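One file, final_19.csv, carrying CSV, C-alpha atoms:
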```csv
chain,number,residue,atom,x,y,z
A,1,LEU,CA,-26.0,12.1,4.2
A,2,ALA,CA,-26.9,8.5,3.8
A,3,LYS,CA,-25.5,8.4,0.3
A,4,GLU,CA,-22.2,9.9,1.4
A,5,ARG,CA,-21.9,7.4,4.2
A,6,ASP,CA,-22.6,4.5,1.8
A,7,ALA,CA,-19.9,5.8,-0.5
A,8,LEU,CA,-17.4,6.1,2.4
A,9,TYR,CA,-18.3,2.6,3.6
A,10,ARG,CA,-17.8,1.2,0.1
A,11,MET,CA,-14.4,2.9,-0.2
A,12,GLN,CA,-13.3,1.6,3.2
A,13,ALA,CA,-14.4,-1.9,2.3
A,14,GLN,CA,-12.4,-1.7,-0.9
A,15,ILE,CA,-9.3,-0.7,1.0
A,16,CYS,CA,-9.9,-3.6,3.5
A,17,ARG,CA,-10.1,-6.0,0.5
A,18,VAL,CA,-6.9,-4.7,-0.9
A,19,LEU,CA,-5.1,-5.1,2.5
A,20,ALA,CA,-6.5,-8.6,3.0
A,21,HIS,CA,-3.4,-10.2,1.6
A,22,PRO,CA,-0.2,-11.0,3.5
A,23,ARG,CA,2.1,-9.8,0.8
A,24,ARG,CA,0.3,-6.4,0.5
A,25,LEU,CA,0.5,-6.1,4.3
A,26,HIS,CA,4.3,-6.8,4.1
A,27,ILE,CA,4.6,-4.1,1.4
A,28,LEU,CA,2.7,-1.6,3.6
A,29,ASP,CA,5.0,-2.5,6.5
A,30,LEU,CA,8.1,-2.0,4.4
A,31,LEU,CA,6.9,1.4,3.2
A,32,THR,CA,6.2,2.7,6.7
A,33,ALA,CA,10.0,3.1,7.0
A,34,GLY,CA,10.0,5.4,4.0
A,35,GLU,CA,10.2,5.3,0.2
A,36,LYS,CA,11.6,2.1,-1.3
A,37,SER,CA,12.7,1.2,-4.8
A,38,SER,CA,11.1,-1.7,-6.7
A,39,SER,CA,14.5,-3.4,-6.3
A,40,GLU,CA,14.5,-3.0,-2.5
A,41,LEU,CA,10.9,-4.3,-2.3
A,42,LEU,CA,11.7,-7.3,-4.5
A,43,LYS,CA,14.7,-8.2,-2.4
A,44,SER,CA,12.7,-8.0,0.9
A,45,LEU,CA,9.7,-9.8,-0.5
A,46,GLY,CA,11.3,-12.5,-2.5
A,47,CYS,CA,8.6,-12.3,-5.2
A,48,THR,CA,8.6,-11.8,-8.9
A,49,LYS,CA,8.6,-8.3,-10.5
A,50,VAL,CA,5.2,-9.1,-12.1
A,51,ASN,CA,3.8,-10.1,-8.8
A,52,LEU,CA,5.1,-7.0,-7.1
A,53,SER,CA,3.7,-4.8,-9.9
A,54,GLN,CA,0.2,-6.4,-9.5
A,55,HIS,CA,0.2,-5.8,-5.7
A,56,LEU,CA,1.3,-2.2,-6.0
A,57,ALA,CA,-1.3,-1.5,-8.8
A,58,LEU,CA,-4.0,-2.7,-6.4
A,59,MET,CA,-2.7,-0.6,-3.6
A,60,LYS,CA,-2.4,2.4,-5.9
A,61,SER,CA,-6.0,1.9,-7.1
A,62,VAL,CA,-7.3,2.6,-3.6
A,63,GLY,CA,-5.0,5.4,-2.9
A,64,LEU,CA,-2.6,3.7,-0.4
A,65,VAL,CA,0.6,3.9,-2.4
A,66,GLU,CA,2.2,6.4,-4.8
A,67,SER,CA,5.0,5.7,-7.2
A,68,ARG,CA,7.5,7.8,-9.2
A,69,SER,CA,10.1,6.9,-11.8
A,70,GLN,CA,13.7,8.0,-11.8
A,71,GLY,CA,15.6,6.7,-14.7
A,72,ARG,CA,15.0,3.0,-15.0
A,73,GLU,CA,13.9,2.6,-11.4
A,74,ALA,CA,10.5,3.1,-9.8
A,75,PHE,CA,10.2,4.3,-6.2
A,76,HIS,CA,7.1,3.7,-4.0
A,77,ARG,CA,5.9,5.4,-0.9
A,78,LEU,CA,2.8,5.6,1.3
A,79,ALA,CA,0.3,8.1,-0.3
A,80,PHE,CA,-0.1,9.9,3.0
A,81,ALA,CA,1.4,9.9,6.5
A,82,GLU,CA,-1.8,8.8,8.2
A,83,ILE,CA,-1.5,5.4,6.7
A,84,LYS,CA,1.7,4.8,8.8
A,85,ASP,CA,-0.2,6.1,11.9
A,86,ALA,CA,-3.0,3.6,11.3
A,87,TRP,CA,-0.5,0.8,10.6
A,88,MET,CA,1.3,1.5,13.9
A,89,LEU,CA,-2.0,0.9,15.8
A,90,PHE,CA,-1.8,-2.8,14.7
A,91,VAL,CA,1.9,-3.4,15.3
A,92,ALA,CA,2.4,-1.4,18.6
A,93,GLU,CA,3.4,-3.6,21.5
```
Please go through the file and, once you have read it, give me the structure as structure tokens.
Amino acid sequence: LAKERDALYRMQAQICRVLAHPRRLHILDLLTAGEKSSSELLKSLGCTKVNLSQHLALMKSVGLVESRSQGREAFHRLAFAEIKDAWMLFVAE
């Protein structure tokens, strides 16, 4: 049981490290409204395509975001609905 808890704590810490950046929090906030294309994210974030790609790759590596391609465009969404629920705990007024 202790090993399983340690693994869970390590995974949670990794997710917290990924979210410890304002731009990634902004991406998370944008995706709580639903799936967005890379173009939509770029327009909202005002960053470079390379920078967006790096942030999304980190978020995907810990299971927060999923992506799919359609033609020449990539679309991104939260990996599971509970992420939105957790996010709403922090932004609820």
*asked:* Measuring between all atoms listed in the file, which one of A:Ala81, A:Ala74, A:Leu89, A:Met59 shows the shortest distance to A:Arg17?
replied: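 Distance minimum relative to A:Arg17 lands on A:Met59.
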*Would you please work out which residue, of A:Ser37, A:Ser53, A:Ser44, A:Thr32, is nearest to A:Phe80 when using only C-alpha atoms?*
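Of A:Ser37, A:Ser53, A:Ser44, A:Thr32, the one nearest A:Phe80 is A:Thr32, counting only C-alpha atoms.
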Show which residues sit within 12 Å of A:Leu25, as a PDB file with C-alpha atoms, keeping the file's coordinate frame. Count only C-alpha atoms, and ignore same-chain residues fewer than 5 positions away.
```pdb
ATOM      1  CA  ILE A  15      -9.300  -0.700   1.000  1.00  0.00           C
ATOM      2  CA  CYS A  16      -9.900  -3.600   3.500  1.00  0.00           C
ATOM      3  CA  ARG A  17     -10.100  -6.000   0.500  1.00  0.00           C
ATOM      4  CA  VAL A  18      -6.900  -4.700  -0.900  1.00  0.00           C
ATOM      5  CA  LEU A  19      -5.100  -5.100   2.500  1.00  0.00           C
ATOM      6  CA  ALA A  20      -6.500  -8.600   3.000  1.00  0.00           C
ATOM      7  CA  LEU A  30       8.100  -2.000   4.400  1.00  0.00           C
ATOM      8  CA  LEU A  31       6.900   1.400   3.200  1.00  0.00           C
ATOM      9  CA  THR A  32       6.200   2.700   6.700  1.00  0.00           C
ATOM     10  CA  LEU A  45       9.700  -9.800  -0.500  1.00  0.00           C
ATOM     11  CA  HIS A  55       0.200  -5.800  -5.700  1.00  0.00           C
ATOM     12  CA  LEU A  56       1.300  -2.200  -6.000  1.00  0.00           C
ATOM     13  CA  MET A  59      -2.700  -0.600  -3.600  1.00  0.00           C
ATOM     14  CA  LEU A  64      -2.600   3.700  -0.400  1.00  0.00           C
ATOM     15  CA  ILE A  83      -1.500   5.400   6.700  1.00  0.00           C
ATOM     16  CA  LYS A  84       1.700   4.800   8.800  1.00  0.00           C
ATOM     17  CA  TRP A  87      -0.500   0.800  10.600  1.00  0.00           C
ATOM     18  CA  PHE A  90      -1.800  -2.800  14.700  1.00  0.00           C
ATOM     19  CA  VAL A  91       1.900  -3.400  15.300  1.00  0.00           C
TER      20      VAL A  91
END
```
*To one decimal place, how far is atom CA of A:Leu8 from atom CA of A:Ala86 in Å?*
17.1 Å
_Taking only C-alpha atoms into account, name the residue in A:Gln54, A:Ser38, A:Gln12, A:Thr48 that is nearest to A:Ser69._
A:Ser38
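Taking atom CA of A:Ala57 and atom CA of A:Arg24 as endpoints, the distance between them is 10.6 Å.
Atom CA of A:Glu73 sits 18.8 Å away from atom CA of A:Ala33.
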*asked:* For a quick check of understanding, using all atoms listed in the file, which of A:Leu41, A:Glu35, A:Arg5, A:Cys47 has the smallest distance to A:Ser67?
replied: A:Glu35
Using 5 Å of padding on each side, determine the axis-aligned box around all atoms of stretch 55-65 of chain A present in the file and give its centre and edge lengths in Å to one decimal, as JSON.
```
{"center_x": -3.0, "center_y": -0.2, "center_z": -4.6, "size_x": 18.6, "size_y": 21.2, "size_z": 18.4}
```
All residues 7 Å or closer to A:Val65, all atoms listed in the file, same chain fewer than 2 positions away omitted, as an mmCIF file with C-alpha atoms, in the frame of the given file:
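The resulting file, part_39.cif, is shown below:
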```cif
data_model
loop_
_atom_site.group_PDB
_atom_site.id
_atom_site.type_symbol
_atom_site.label_atom_id
_atom_site.label_comp_id
_atom_site.auth_asym_id
_atom_site.auth_seq_id
_atom_site.Cartn_x
_atom_site.Cartn_y
_atom_site.Cartn_z
ATOM 1 C CA MET A 59 -2.700 -0.600 -3.600
ATOM 2 C CA LYS A 60 -2.400 2.400 -5.900
ATOM 3 C CA GLY A 63 -5.000 5.400 -2.900
ATOM 4 C CA SER A 67 5.000 5.700 -7.200
ATOM 5 C CA HIS A 76 7.100 3.700 -4.000
ATOM 6 C CA ARG A 77 5.900 5.400 -0.900
ATOM 7 C CA LEU A 78 2.800 5.600 1.300
ATOM 8 C CA ALA A 79 0.300 8.100 -0.300
#
```
*Which of these, A:Leu28, A:Leu1, A:Ala7, A:Ala13, has the shortest distance to A:Met88 once you count only C-alpha atoms?*
A:Leu28
Write a file for stretch 66-79 of chain A of the given structure; include N, CA and C atoms and format it as a short mmCIF file (atom, residue, chain, number, x, y, z; two decimals), in the first residue's frame.
```cif
data_model
loop_
_atom_site.label_atom_id
_atom_site.label_comp_id
_atom_site.auth_asym_id
_atom_site.auth_seq_id
_atom_site.Cartn_x
_atom_site.Cartn_y
_atom_site.Cartn_z
N GLU A 66 -5.57 15.81 -24.40
CA GLU A 66 -5.52 14.90 -25.55
C GLU A 66 -5.63 15.73 -26.81
N SER A 67 -5.04 15.25 -27.88
CA SER A 67 -5.09 15.96 -29.16
C SER A 67 -5.47 15.01 -30.27
N ARG A 68 -6.06 15.59 -31.31
CA ARG A 68 -6.38 14.82 -32.51
C ARG A 68 -6.11 15.71 -33.71
N SER A 69 -5.81 15.09 -34.82
CA SER A 69 -5.57 15.83 -36.06
C SER A 69 -6.75 15.67 -37.00
N GLN A 70 -7.04 16.75 -37.69
CA GLN A 70 -8.07 16.73 -38.73
C GLN A 70 -7.53 17.59 -39.87
N GLY A 71 -7.12 16.93 -40.93
CA GLY A 71 -6.48 17.64 -42.02
C GLY A 71 -5.16 18.23 -41.54
N ARG A 72 -4.99 19.52 -41.74
CA ARG A 72 -3.76 20.18 -41.33
C ARG A 72 -3.87 20.82 -39.95
N GLU A 73 -5.00 20.67 -39.31
CA GLU A 73 -5.23 21.31 -38.01
C GLU A 73 -5.23 20.28 -36.90
N ALA A 74 -4.74 20.69 -35.73
CA ALA A 74 -4.78 19.86 -34.53
C ALA A 74 -5.82 20.45 -33.58
N PHE A 75 -6.54 19.58 -32.91
CA PHE A 75 -7.55 19.98 -31.94
C PHE A 75 -7.19 19.39 -30.59
N HIS A 76 -7.43 20.16 -29.53
CA HIS A 76 -7.01 19.77 -28.19
C HIS A 76 -8.21 19.86 -27.24
N ARG A 77 -8.23 18.95 -26.29
CA ARG A 77 -9.31 18.91 -25.31
C ARG A 77 -8.76 18.37 -24.00
N LEU A 78 -9.52 18.59 -22.93
CA LEU A 78 -9.16 18.00 -21.65
C LEU A 78 -9.28 16.49 -21.76
N ALA A 79 -8.39 15.78 -21.12
CA ALA A 79 -8.37 14.32 -21.24
C ALA A 79 -9.58 13.68 -20.56
#
```
